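Engineer: Quick one, protein01.cif (mmCIF, C-alpha atoms):
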data_work
loop_
_atom_site.label_atom_id
_atom_site.label_comp_id
_atom_site.auth_asym_id
_atom_site.auth_seq_id
_atom_site.Cartn_x
_atom_site.Cartn_y
_atom_site.Cartn_z
CA MET A 1 7.19 17.26 33.59
CA GLU A 2 6.50 17.12 29.83
CA ILE A 3 7.07 13.41 29.95
CA ASN A 4 4.24 12.91 32.47
CA ALA A 5 1.86 14.74 30.12
CA LEU A 6 3.06 12.56 27.22
CA PHE A 7 2.49 9.41 29.27
CA ILE A 8 -1.05 10.53 30.15
CA LEU A 9 -1.74 11.21 26.45
CA TRP A 10 -0.37 7.73 25.69
CA ILE A 11 -2.81 6.10 28.12
CA ILE A 12 -5.73 8.16 26.79
CA SER A 13 -4.95 7.01 23.24
CA GLY A 14 -4.93 3.42 24.51
CA LEU A 15 -8.33 3.93 26.18
CA PHE A 16 -9.71 5.28 22.89
CA ILE A 17 -8.90 1.92 21.27
CA VAL A 18 -10.59 -0.02 24.07
CA PHE A 19 -13.90 1.83 23.74
CA GLU A 20 -14.08 1.95 19.93
CA SER A 21 -15.85 -0.70 17.85
CA ARG A 22 -15.31 0.50 14.26
CA LEU A 23 -12.25 -1.15 12.74
CA TYR A 24 -11.04 1.77 10.59
CA ARG A 25 -11.05 4.08 13.59
CA ILE A 26 -9.26 1.50 15.75
CA ILE A 27 -6.43 1.33 13.22
CA ILE A 28 -6.13 5.11 13.00
CA TYR A 29 -6.07 5.33 16.82
CA PHE A 30 -3.40 2.63 16.81
CA GLY A 31 -1.30 4.84 14.52
CA ILE A 32 -1.70 7.73 16.98
CA PHE A 33 -0.79 5.41 19.87
CA SER A 34 2.39 4.31 18.09
CA LEU A 35 3.32 7.92 17.28
CA ILE A 36 2.99 8.98 20.92
CA SER A 37 4.96 5.96 22.12
CA SER A 38 7.71 6.77 19.63
CA VAL A 39 7.94 10.33 20.99
CA VAL A 40 8.06 9.00 24.56
CA TYR A 41 10.92 6.64 23.63
CA LEU A 42 12.81 9.67 22.33
CA PHE A 43 12.25 11.49 25.63
CA LEU A 44 13.48 8.45 27.59
CA GLY A 45 16.83 8.62 25.76
CA ALA A 46 16.31 5.87 23.19
CA PRO A 47 16.43 7.39 19.67
CA ASP A 48 17.18 4.04 17.98
CA VAL A 49 14.09 2.38 19.39
CA ALA A 50 11.99 5.48 18.63
CA MET A 51 13.01 5.37 14.96
CA ALA A 52 12.32 1.64 14.73
CA GLU A 53 8.89 2.06 16.35
CA ALA A 54 7.95 4.85 13.92
CA GLY A 55 8.88 2.76 10.87
CA ILE A 56 7.23 -0.39 12.23
CA SER A 57 3.98 1.38 13.06
CA ALA A 58 3.80 2.75 9.50
CA PHE A 59 4.11 -0.78 8.08
CA THR A 60 1.67 -2.32 10.60
CA THR A 61 -0.93 0.34 9.82
CA VAL A 62 -0.55 -0.31 6.08
CA PHE A 63 -1.00 -4.08 6.57
CA PHE A 64 -4.12 -3.59 8.69
CA ILE A 65 -5.59 -0.99 6.32
CA ILE A 66 -5.15 -3.40 3.40
CA PHE A 67 -6.93 -6.14 5.37
CA VAL A 68 -9.74 -3.99 6.77
CA GLY A 69 -10.37 -2.31 3.40
CA LYS A 70 -11.28 -5.72 2.03
CA TYR A 71 -13.36 -6.52 5.12
CA TYR A 72 -15.49 -3.45 4.60
CA GLY A 73 -15.72 -4.12 0.88
CA ASN A 74 -17.25 -7.55 1.47
CA GLN A 75 -19.57 -6.83 4.38
CA THR A 76 -22.18 -4.32 3.31
CA ASN A 77 -24.91 -3.94 5.90
CA ILE A 78 -23.66 -3.84 9.46
CA THR A 79 -26.74 -3.33 11.58
CA ARG A 80 -26.65 -2.74 15.31
CA GLU A 81 -28.86 -5.02 17.35
CA LYS A 82 -31.13 -3.65 20.03
CA ILE A 83 -29.84 -4.49 23.50
CA GLU A 84 -32.49 -5.94 25.80
CA ILE A 85 -32.36 -5.50 29.57
CA ASN A 86 -31.37 -9.13 30.12
CA GLN A 87 -28.47 -8.85 27.68
CA PHE A 88 -27.46 -5.54 29.23
CA PHE A 89 -26.82 -7.15 32.63
CA ARG A 90 -24.90 -9.98 31.01
CA LYS A 91 -22.71 -7.41 29.21
CA LEU A 92 -22.17 -5.49 32.45
CA LYS A 93 -21.06 -8.72 34.13
CA GLY A 94 -18.72 -9.42 31.19
CA ILE A 95 -17.08 -6.02 31.66
CA THR A 96 -16.98 -5.83 35.46
CA LEU A 97 -15.21 -9.12 36.13
CA PRO A 98 -12.23 -8.41 33.81
CA PHE A 99 -11.99 -4.89 35.23
CA VAL A 100 -11.79 -6.19 38.79
CA PHE A 101 -9.23 -8.79 37.69
CA CYS A 102 -6.97 -6.20 36.01
CA ALA A 103 -7.34 -3.66 38.81
CA GLY A 104 -6.45 -6.33 41.36
CA LEU A 105 -3.32 -7.34 39.47
CA PHE A 106 -2.30 -3.68 39.16
CA ALA A 107 -2.81 -3.15 42.91
CA LEU A 108 -0.68 -6.23 43.55
CA TYR A 109 2.11 -4.75 41.41
CA ILE A 110 1.93 -1.42 43.25
CA TYR A 111 2.06 -3.24 46.60
CA THR A 112 5.11 -5.32 45.68
CA MET A 113 6.96 -2.66 43.67
CA PRO A 114 10.70 -2.66 44.48
CA ASP A 115 11.83 0.46 46.26
CA THR A 116 15.45 0.43 45.14
CA ALA A 117 16.68 1.37 41.67
CA ALA A 118 17.95 -1.30 39.26
CA SER A 119 21.65 -2.19 39.32
CA THR A 120 23.82 -0.12 36.97
CA TYR A 121 26.82 -2.44 36.89
CA LEU A 122 26.22 -3.80 33.35
CA LYS A 123 25.43 -0.33 32.00
CA GLU A 124 28.71 1.09 33.28
CA TRP A 125 30.65 -1.92 31.99
CA TYR A 126 29.18 -1.62 28.49
CA LEU A 127 29.58 2.17 28.36
CA SER A 128 33.22 2.14 29.46
CA ASN A 129 34.35 -0.81 27.33
CA PHE A 130 32.52 -0.60 24.02
CA ILE A 131 34.72 2.09 22.43
CA SER A 132 37.89 0.00 22.81
CA ASP A 133 36.22 -3.40 22.23
CA VAL A 134 33.97 -2.70 19.26
CA GLY A 135 34.59 0.81 18.04
CA GLY A 136 32.08 3.38 16.88
CA LYS A 137 30.20 5.82 19.07
CA ASN A 138 26.76 4.23 19.39
CA ALA A 139 26.60 1.81 22.32
CA VAL A 140 23.34 0.25 21.12
CA THR A 141 24.86 -0.67 17.76
CA ALA A 142 27.93 -2.05 19.54
CA ILE A 143 25.76 -4.35 21.69
CA LEU A 144 23.61 -5.40 18.71
CA LEU A 145 26.50 -6.17 16.35
CA ALA A 146 29.24 -7.40 18.66
CA TYR A 147 28.34 -8.24 22.27
CA ARG A 148 24.99 -9.83 21.47
CA VAL A 149 25.44 -10.71 17.80
CA TYR A 150 23.84 -14.11 18.45
CA ASP A 151 20.53 -12.31 19.15
CA THR A 152 20.83 -10.35 15.93
CA LEU A 153 21.43 -13.51 13.87
CA PHE A 154 18.29 -15.17 15.22
CA GLU A 155 16.28 -11.99 14.75
CA ALA A 156 17.37 -11.90 11.10
CA LEU A 157 16.48 -15.59 10.82
CA ILE A 158 12.99 -14.91 12.20
CA LEU A 159 12.43 -12.21 9.56
CA VAL A 160 13.43 -14.69 6.81
CA VAL A 161 11.15 -17.36 8.30
CA SER A 162 8.23 -14.96 8.56
CA VAL A 163 8.63 -13.95 4.89
CA VAL A 164 8.65 -17.63 3.86
CA ALA A 165 5.63 -18.29 6.11
CA VAL A 166 3.67 -15.37 4.63
CA VAL A 167 4.30 -16.71 1.12
CA HIS A 168 3.42 -20.32 2.00
CA MET A 169 0.50 -19.82 4.42
CA SER A 170 -1.25 -17.52 1.99
CA HIS A 171 -4.67 -18.29 0.54
CA PHE A 172 -3.12 -18.04 -2.94
CA SER A 173 -0.82 -20.81 -4.07
CA ASP A 174 0.93 -19.00 -6.95
CA SER A 175 4.20 -17.43 -5.94
CA SER A 176 4.29 -14.31 -8.13
CA VAL A 177 2.15 -12.18 -10.38
CA SER A 178 3.07 -12.31 -14.08
CA ASP A 179 5.75 -9.72 -14.78
CA GLY A 180 4.63 -6.28 -15.85
CA HIS A 181 1.06 -6.76 -14.65
CA HIS A 182 -0.74 -3.50 -13.87
CA SER A 183 -2.84 -3.23 -10.75
CA GLU A 184 -6.39 -1.93 -10.82
CA ILE A 185 -5.81 1.01 -8.48
CA GLU A 186 -6.09 4.47 -10.01
CA ASN A 187 -3.62 7.02 -8.72
CA SER A 188 -4.24 10.70 -8.24
CA GLY A 189 -1.85 12.96 -10.10
CA MET A 190 -1.11 15.04 -7.04
CA ALA A 191 0.10 12.04 -5.00
CA VAL A 192 2.25 10.77 -7.87
CA PHE A 193 3.85 14.20 -8.34
CA THR A 194 4.65 14.50 -4.62
CA LEU A 195 5.98 10.96 -4.37
CA ARG A 196 8.30 11.50 -7.33
CA ILE A 197 9.90 14.41 -5.47
CA ILE A 198 10.04 12.57 -2.11
CA CYS A 199 11.36 9.19 -3.39
CA PRO A 200 15.06 10.13 -3.88
CA ILE A 201 15.10 11.88 -0.50
CA ILE A 202 13.77 8.74 1.18
CA VAL A 203 16.51 6.59 -0.38
CA LEU A 204 19.15 9.13 0.63
CA PHE A 205 17.81 9.17 4.19
CA GLY A 206 17.82 5.36 4.35
CA GLY A 207 21.39 5.17 3.10
CA TYR A 208 22.45 7.83 5.58
CA LEU A 209 20.89 5.92 8.47
CA VAL A 210 22.59 2.68 7.41
CA VAL A 211 26.07 4.08 6.81
CA ASN A 212 26.08 6.31 9.89
CA GLY A 213 24.53 3.68 12.16
CA HIS A 214 27.69 3.16 14.20
CA ILE A 215 28.36 6.81 15.02
CA SER A 216 24.86 8.23 15.43
CA ALA A 217 21.29 7.11 16.06
CA GLY A 218 19.99 4.70 13.46
CA GLY A 219 21.40 1.52 12.02
CA GLY A 220 20.74 -1.29 9.62
CA PHE A 221 17.19 -1.99 10.67
CA GLN A 222 15.88 1.59 10.62
CA GLY A 223 17.65 2.39 7.34
CA GLY A 224 16.34 -0.81 5.80
CA LEU A 225 12.79 0.21 6.70
CA ALA A 226 13.30 3.57 4.97
CA VAL A 227 14.64 1.87 1.83
CA ALA A 228 11.64 -0.50 1.85
CA THR A 229 9.39 2.57 1.98
CA PHE A 230 11.03 3.65 -1.27
CA PHE A 231 9.76 0.48 -2.96
CA ILE A 232 6.24 1.20 -1.70
CA CYS A 233 6.43 4.70 -3.18
CA ARG A 234 7.71 3.22 -6.43
CA TYR A 235 4.71 0.90 -6.58
CA MET A 236 2.37 3.84 -5.88
CA VAL A 237 3.91 5.91 -8.70
CA TYR A 238 4.16 3.32 -11.49
CA ASN A 239 1.30 1.03 -10.36
CA ILE A 240 3.01 -2.06 -11.76
CA TYR A 241 4.18 -5.43 -10.40
CA ASP A 242 7.45 -5.78 -12.32
CA ILE A 243 9.84 -7.10 -9.65
CA SER A 244 10.04 -10.87 -9.28
CA VAL A 245 9.39 -11.93 -5.67
CA LYS A 246 11.38 -15.12 -6.14
CA ARG A 247 14.51 -13.18 -7.11
CA VAL A 248 14.15 -10.87 -4.11
CA MET A 249 13.71 -13.88 -1.79
CA GLN A 250 16.86 -15.48 -3.21
CA LEU A 251 18.70 -12.17 -2.71
CA GLU A 252 17.47 -11.98 0.88
CA GLU A 253 18.67 -15.50 1.67
CA LEU A 254 22.05 -14.75 0.08
CA ILE A 255 22.43 -11.61 2.20
CA PHE A 256 21.44 -13.57 5.30
CA LEU A 257 24.18 -16.11 4.54
CA SER A 258 26.73 -13.33 4.18
CA ILE A 259 25.62 -11.82 7.52
CA ILE A 260 26.27 -15.19 9.19
CA LEU A 261 29.66 -15.59 7.48
CA LEU A 262 30.75 -12.06 8.36
CA SER A 263 29.79 -12.43 12.02
CA ILE A 264 31.51 -15.84 12.24
CA ILE A 265 34.74 -14.45 10.76
CA ALA A 266 34.80 -11.21 12.75
CA VAL A 267 33.25 -12.10 16.12
CA PHE A 268 33.22 -15.84 16.74
CA LEU A 269 36.65 -16.63 15.26
CA GLY A 270 38.18 -13.33 16.41
CA ALA A 271 39.87 -12.24 13.19
CA ALA A 272 40.88 -8.94 14.83
CA ALA A 273 43.48 -10.74 16.95
CA LEU A 274 45.42 -11.74 13.81
CA LEU A 275 45.74 -8.14 12.61
CA PRO A 276 48.48 -5.73 13.70
CA THR A 277 47.08 -3.28 16.26
CA ALA A 278 47.50 -0.30 13.92
CA TYR A 279 44.81 -1.68 11.61
CA LEU A 280 42.37 -2.53 14.41
CA PRO A 281 40.20 0.67 14.34
CA MET A 282 39.88 0.44 10.56
CA PHE A 283 38.86 -3.22 10.78
CA GLN A 284 36.28 -2.45 13.47
CA ARG A 285 34.77 0.40 11.46
CA ALA A 286 34.66 -1.73 8.30
CA TYR A 287 32.94 -4.55 10.20
CA LEU A 288 30.28 -2.24 11.70
CA ILE A 289 29.51 -0.52 8.39
CA LEU A 290 29.42 -3.76 6.37
CA MET A 291 27.19 -5.48 8.91
CA ASN A 292 24.82 -2.48 8.99
CA VAL A 293 24.68 -2.42 5.18
CA PHE A 294 23.91 -6.15 5.00
CA ILE A 295 21.22 -5.95 7.69
CA GLY A 296 19.71 -2.90 6.00
CA LEU A 297 19.55 -4.67 2.62
CA LYS A 298 18.04 -7.77 4.20
CA VAL A 299 15.35 -5.83 6.06
CA ALA A 300 14.54 -3.82 2.92
CA CYS A 301 14.14 -7.07 0.90
CA GLY A 302 12.02 -8.67 3.62
CA PHE A 303 9.64 -5.76 4.02
CA PHE A 304 9.41 -5.26 0.27
CA ILE A 305 8.25 -8.89 -0.09
CA LEU A 306 5.76 -8.54 2.76
CA PHE A 307 4.25 -5.36 1.31
CA TYR A 308 4.19 -6.83 -2.18
CA ARG A 309 2.41 -9.98 -0.99
CA TYR A 310 -0.21 -7.92 0.84
CA ILE A 311 -0.85 -5.47 -1.99
CA ALA A 312 -0.77 -8.04 -4.83
CA PHE A 313 -2.29 -11.19 -3.28
CA GLU A 314 -3.95 -10.74 0.10
CA ARG A 315 -5.94 -7.71 -1.03
CA ARG A 316 -7.57 -9.54 -3.95
CA MET B 1 9.59 12.45 42.84
CA ILE B 2 6.90 11.67 40.29
CA PHE B 3 9.60 11.13 37.68
CA ARG B 4 10.98 8.17 39.61
CA TYR B 5 7.85 6.05 39.35
CA LEU B 6 7.30 6.51 35.61
CA GLU B 7 7.14 2.74 35.01
CA VAL B 8 3.70 2.67 36.66
CA PHE B 9 2.27 4.20 33.46
CA SER B 10 3.40 1.26 31.33
CA ILE B 11 1.95 -1.19 33.89
CA ILE B 12 -1.39 0.66 33.69
CA MET B 13 -1.25 0.41 29.89
CA PHE B 14 -0.47 -3.31 30.10
CA PHE B 15 -3.54 -3.98 32.23
CA ILE B 16 -5.72 -1.79 30.00
CA CYS B 17 -4.64 -4.04 27.13
CA ILE B 18 -5.42 -7.21 29.10
CA PHE B 19 -8.87 -5.77 29.87
CA GLY B 20 -9.38 -5.05 26.17
CA LEU B 21 -8.19 -8.54 25.18
CA ILE B 22 -10.68 -10.16 27.56
CA THR B 23 -13.67 -8.06 26.56
CA CYS B 24 -13.27 -7.66 22.79
CA ASN B 25 -14.97 -9.94 20.27
CA ASN B 26 -13.14 -8.94 17.10
CA ILE B 27 -10.00 -10.77 15.96
CA VAL B 28 -8.40 -7.65 14.42
CA LYS B 29 -8.93 -5.83 17.70
CA SER B 30 -7.32 -8.71 19.60
CA ILE B 31 -4.23 -8.56 17.39
CA ILE B 32 -3.97 -4.81 17.96
CA PHE B 33 -4.23 -5.28 21.73
CA ALA B 34 -1.46 -7.86 21.61
CA LEU B 35 0.73 -5.35 19.75
CA MET B 36 -0.12 -2.69 22.32
CA MET B 37 0.84 -5.05 25.14
CA GLN B 38 4.20 -5.49 23.46
CA THR B 39 4.60 -1.72 23.26
CA ALA B 40 3.77 -1.45 26.98
CA VAL B 41 6.45 -4.02 27.86
CA ILE B 42 9.01 -2.19 25.70
CA MET B 43 8.05 1.07 27.43
CA PHE B 44 8.58 -0.58 30.84
CA TRP B 45 12.12 -1.67 29.96
CA LEU B 46 13.04 1.69 28.45
CA THR B 47 11.60 3.52 31.46
CA ILE B 48 13.76 1.48 33.84
CA GLY B 49 16.92 2.30 31.86
CA ARG B 50 16.05 5.89 31.07
CA GLY B 51 18.41 8.86 31.00
CA SER B 52 18.53 12.38 29.65
CA ILE B 53 21.48 11.61 27.31
CA PRO B 54 21.12 8.82 24.71
CA PRO B 55 23.93 6.20 24.78
CA ILE B 56 25.86 7.78 21.90
CA ILE B 57 29.28 8.75 23.27
CA ASP B 58 31.26 11.12 21.07
CA ASN B 59 33.17 12.66 23.99
CA THR B 60 34.81 10.45 26.63
CA ALA B 61 34.35 13.20 29.24
CA LEU B 62 30.69 12.13 29.30
CA LEU B 63 31.72 8.83 30.89
CA ASP B 64 32.81 10.52 34.15
CA ASN B 65 29.20 10.58 35.35
CA THR B 66 27.14 7.79 33.77
CA SER B 67 23.98 8.40 35.80
CA TYR B 68 22.61 10.79 33.15
CA ILE B 69 23.22 8.40 30.24
CA ALA B 70 20.48 5.97 29.23
CA ASP B 71 21.12 2.24 29.63
CA PRO B 72 22.08 0.77 26.19
CA LEU B 73 21.33 -2.89 27.01
CA PRO B 74 17.49 -2.65 27.30
CA GLN B 75 17.46 -0.58 24.12
CA ALA B 76 19.33 -3.24 22.15
CA LEU B 77 17.09 -6.00 23.53
CA MET B 78 13.91 -4.05 22.78
CA LEU B 79 15.05 -3.30 19.21
CA THR B 80 15.24 -7.08 18.70
CA ALA B 81 11.80 -7.51 20.30
CA ILE B 82 10.25 -4.92 17.97
CA ILE B 83 11.55 -6.68 14.85
CA ILE B 84 10.32 -10.09 16.02
CA GLY B 85 6.96 -8.51 16.84
CA ILE B 86 6.40 -7.15 13.32
CA SER B 87 7.53 -10.47 11.76
CA VAL B 88 5.00 -12.41 13.82
CA THR B 89 2.28 -9.83 13.12
CA ALA B 90 2.74 -10.25 9.37
CA VAL B 91 2.27 -14.03 9.68
CA ILE B 92 -0.78 -13.54 11.94
CA ILE B 93 -2.47 -11.20 9.45
CA THR B 94 -1.87 -13.72 6.64
CA MET B 95 -3.43 -16.53 8.70
CA LEU B 96 -6.36 -14.28 9.60
CA ASN B 97 -6.83 -13.45 5.92
CA THR B 98 -6.98 -17.14 5.03
CA LEU B 99 -9.60 -17.71 7.76
CA PHE B 100 -11.53 -14.65 6.62
CA ARG B 101 -11.69 -15.98 3.06
CA LYS B 102 -13.32 -19.15 4.37
CA HIS B 103 -16.03 -17.66 6.61
CA LEU B 104 -16.27 -13.93 5.66
CA MET B 105 -16.29 -12.82 9.30
CA THR B 106 -13.82 -11.57 11.92
CA ASP B 107 -15.83 -12.34 15.05
CA TRP B 108 -14.40 -14.82 17.57
CA LYS B 109 -17.68 -16.48 18.62
CA ALA B 110 -19.29 -16.59 15.19
CA MET B 111 -16.04 -17.94 13.73
CA GLU B 112 -15.89 -20.68 16.38
CA LYS B 113 -19.48 -21.71 15.59
CA ALA B 114 -18.79 -21.81 11.84
CA GLU B 115 -15.59 -23.83 12.37
CA ASP B 116 -17.48 -26.31 14.60
CA GLU B 117 -20.17 -26.77 11.96
CA ALA B 118 -17.59 -27.26 9.23
CA PHE B 119 -15.83 -29.85 11.40
CA LYS B 120 -19.08 -31.73 12.12
CA GLU B 121 -19.91 -31.72 8.43
CA SER B 122 -16.48 -33.14 7.61
CA LEU B 123 -17.07 -35.92 10.19
CA TYR B 124 -20.68 -36.86 9.49
CA GLY B 125 -21.18 -35.44 6.03
CA ASP B 126 -21.08 -38.81 4.22
CA HIS B 127 -23.30 -40.45 6.84
CA LEU B 128 -25.97 -37.78 6.49
CA LYS B 129 -26.06 -38.22 2.74
CA ASP B 130 -26.98 -41.95 3.04
#
Please go through the file and, once you have read it, give me the structure as structure tokens.

Structural biologist:
Amino acid sequence: MEINALFILWIISGLFIVFESRLYRIIIYFGIFSLISSVVYLFLGAPDVAMAEAGISAFTTVFFIIFVGKYYGNQTNITREKIEINQFFRKLKGITLPFVFCAGLFALYIYTMPDTAASTYLKEWYLSNFISDVGGKNAVTAILLAYRVYDTLFEALILVVSVVAVVHMSHFSDSSVSDGHHSEIENSGMAVFTLRIICPIIVLFGGYLVVNGHISAGGGFQGGLAVATFFICRYMVYNIYDISVKRVMQLEELIFLSIILLSIIAVFLGAAALLPTAYLPMFQRAYLILMNVFIGLKVACGFFILFYRYIAFERR
Amino acid sequence: MIFRYLEVFSIIMFFICIFGLITCNNIVKSIIFALMMQTAVIMFWLTIGRGSIPPIIDNTALLDNTSYIADPLPQALMLTAIIIGISVTAVIITMLNTLFRKHLMTDWKAMEKAEDEAFKESLYGDHLKD
């Protein structure tokens, strides 16, 4: 029954966003929405997805806050216009028609909703075979890194492409700030003191998630997000742009290449068949851990570049 | 009995987001509604494959009755979807920033008007000067 209450809270937080017009508040409500959805994922039995959603929503909120902060800095006087009676009816019409449209589609879904539960054949097959096929204890990691490794490769490729696109579509043509350039933000001493204590714990947590991804909840992506958060904290403490973006991009592409090579050797060519069966569990464990470490490093590099671009270029 | 039809909630959320997308004027708000629609779809998939035990098997006795274990396949697919979503969002915000630099506004209709005027000027600008 708790999950019904959580779902109702989730929908209420979504409605808050619909009926709000101030951008700062919308972004804060979006953070609340993501938090509630992350908790619901946990209740539905998906801790990996819950962790990923929590990390992602933190980054999305930061990106939007950076953008909207500039928006409010440039636009000073936002005055509300008086609504005349003619305009009022036009607005009512503009709201009623979409509402009827959406309600009709929802009613159609309810009318045609299937009465039988979904087939569980694939689920049982994956759950009973993944321990002998792939190794590890986490079925989600097994599917991500072995059964559907093709998906993971393209997902990693899309992250690389998006980083390149963010650098090249930007308003600013220069690729990096001069090394050792200080930003103009002033930090409060309290925040710096707290971050200095928290930073090592964040790195430890990220490393734990990456290395233990195959036997517990977590994995390369979630751990990589935590490690990227460390770089954000580092920027907040020292207030300095001293890491070359070009180098990090080269590192990211190198790691992406090694992910492709590793998956080709281990999965597509089937290197495990050449080994004697006694070494098979060790090989499987080594493959899962190495793959998780590579994916974690790649995600950390990618999100570090994205954050750096936003804080150093897009904000100006 | 109520627990069985949990996926209705995510469908409601999806249509709330479509309603918001149709009625809002602000570009930032539109992007946020698109992200929320993605979250609703992810919620739908996870609700279909839900279970009280996460798919982390450290004891093979658990496999005797798999009806309590959550389905691992939707979770893996949705993890991929989340990562692609944030990648695309980062690109979208950069493009929006470039547009914002040009016109100093984030309103759909006003932006369309300004873009039209800029386009007309680029077409007939030289002619008007003569």

Engineer: Any chance you could tabulate, as a tab-separated table, the residues of chain A at most 6 Å from chain B with each one's nearest atom pair and distance in Å to one decimal, using all atoms listed in the file, in chain and rising number order?

Structural biologist:
residue	atom	partner	partner_atom	distance
A:Val18	CA	B:Gly20	CA	5.6
A:Leu44	CA	B:Arg50	CA	5.0
A:Gly45	CA	B:Pro54	CA	4.4
A:Ala46	CA	B:Pro54	CA	5.8
A:Val49	CA	B:Leu79	CA	5.8
A:Pro98	CA	B:Phe19	CA	5.8
A:Cys102	CA	B:Phe15	CA	5.6
A:Lys123	CA	B:Asp71	CA	5.5
A:Lys137	CA	B:Ile57	CA	5.2
A:Asn138	CA	B:Ile56	CA	4.4
A:Ala139	CA	B:Pro55	CA	5.7
A:Val140	CA	B:Pro72	CA	5.3
A:Leu144	CA	B:Ala76	CA	5.9
A:Leu159	CA	B:Ser87	CA	5.6
A:Ser162	CA	B:Ser87	CA	5.6
A:Val166	CA	B:Val91	CA	5.4
A:His171	CA	B:Thr98	CA	5.2

Engineer: Leaving out region 29-41 of chain A and any residue of its chain fewer than 4 positions from it, which residues lie within 6 Å of it when counting only C-alpha atoms, given as a list of chain:residue names?

Structural biologist: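 Non-adjacent residues within range: A:Trp10, A:Ser13, A:Ala46, A:Ala50, A:Glu53.
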
Engineer: Within 9 Å of (33.9, -10.7, 17.7) (file coordinates; only C-alpha atoms), which protein or nucleic acid residues are there? I'd like them as a PyMOL selection string.

Structural biologist: chain A and resi 133-134+145-147+149+263-272

Engineer: Could you save the residues just selected, with C-alpha atoms, as a PDB file, in the frame of the given file?

Structural biologist:
ATOM      1  CA  ASP A 133      36.220  -3.400  22.230  1.00  0.00           C
ATOM      2  CA  VAL A 134      33.970  -2.700  19.260  1.00  0.00           C
ATOM      3  CA  LEU A 145      26.500  -6.170  16.350  1.00  0.00           C
ATOM      4  CA  ALA A 146      29.240  -7.400  18.660  1.00  0.00           C
ATOM      5  CA  TYR A 147      28.340  -8.240  22.270  1.00  0.00           C
ATOM      6  CA  VAL A 149      25.440 -10.710  17.800  1.00  0.00           C
ATOM      7  CA  SER A 263      29.790 -12.430  12.020  1.00  0.00           C
ATOM      8  CA  ILE A 264      31.510 -15.840  12.240  1.00  0.00           C
ATOM      9  CA  ILE A 265      34.740 -14.450  10.760  1.00  0.00           C
ATOM     10  CA  ALA A 266      34.800 -11.210  12.750  1.00  0.00           C
ATOM     11  CA  VAL A 267      33.250 -12.100  16.120  1.00  0.00           C
ATOM     12  CA  PHE A 268      33.220 -15.840  16.740  1.00  0.00           C
ATOM     13  CA  LEU A 269      36.650 -16.630  15.260  1.00  0.00           C
ATOM     14  CA  GLY A 270      38.180 -13.330  16.410  1.00  0.00           C
ATOM     15  CA  ALA A 271      39.870 -12.240  13.190  1.00  0.00           C
ATOM     16  CA  ALA A 272      40.880  -8.940  14.830  1.00  0.00           C
TER      17      ALA A 272
END

Engineer: Would you kindly return, as a VMD selection string, each protein, DNA or RNA residue with an atom no farther than 10 Å from any atom of Ile311 (chain A), considering all atoms listed in the file and excluding same-chain residues fewer than 6 positions away?

Structural biologist: chain A and resid 62 to 63 66 to 67 183 232 235 241 305

Engineer: Got time to write the residues from that selection, C-alpha atoms, as an mmCIF file, in the frame of the given file?

Structural biologist:
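Saved as out-v6.cif:
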data_model
loop_
_atom_site.group_PDB
_atom_site.id
_atom_site.type_symbol
_atom_site.label_atom_id
_atom_site.label_comp_id
_atom_site.auth_asym_id
_atom_site.auth_seq_id
_atom_site.Cartn_x
_atom_site.Cartn_y
_atom_site.Cartn_z
ATOM 1 C CA VAL A 62 -0.550 -0.310 6.080
ATOM 2 C CA PHE A 63 -1.000 -4.080 6.570
ATOM 3 C CA ILE A 66 -5.150 -3.400 3.400
ATOM 4 C CA PHE A 67 -6.930 -6.140 5.370
ATOM 5 C CA SER A 183 -2.840 -3.230 -10.750
ATOM 6 C CA ILE A 232 6.240 1.200 -1.700
ATOM 7 C CA TYR A 235 4.710 0.900 -6.580
ATOM 8 C CA TYR A 241 4.180 -5.430 -10.400
ATOM 9 C CA ILE A 305 8.250 -8.890 -0.090
#

Engineer: Mind giving me the axis-aligned box for region 8-20 of chain B with 3 Å on every side, centre plus edges in Å to one decimal, as lines of an AutoDock Vina configuration file?

Structural biologist:
center_x = -2.8
center_y = -1.5
center_z = 31.4
size_x = 19.1
size_y = 17.4
size_z = 16.5

Engineer: Would you compute the distance between CA of Pro114 (chain A) and CA of Phe43 (chain A)? Give it in Å to one decimal.

Structural biologist: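 Those two atoms sit 23.6 Å apart.
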
Engineer: Quick check, in Å to one decimal: how far apart do CA of Ser128 (chain A) and CA of Asp151 (chain A) lie?

Structural biologist: 21.8 Å
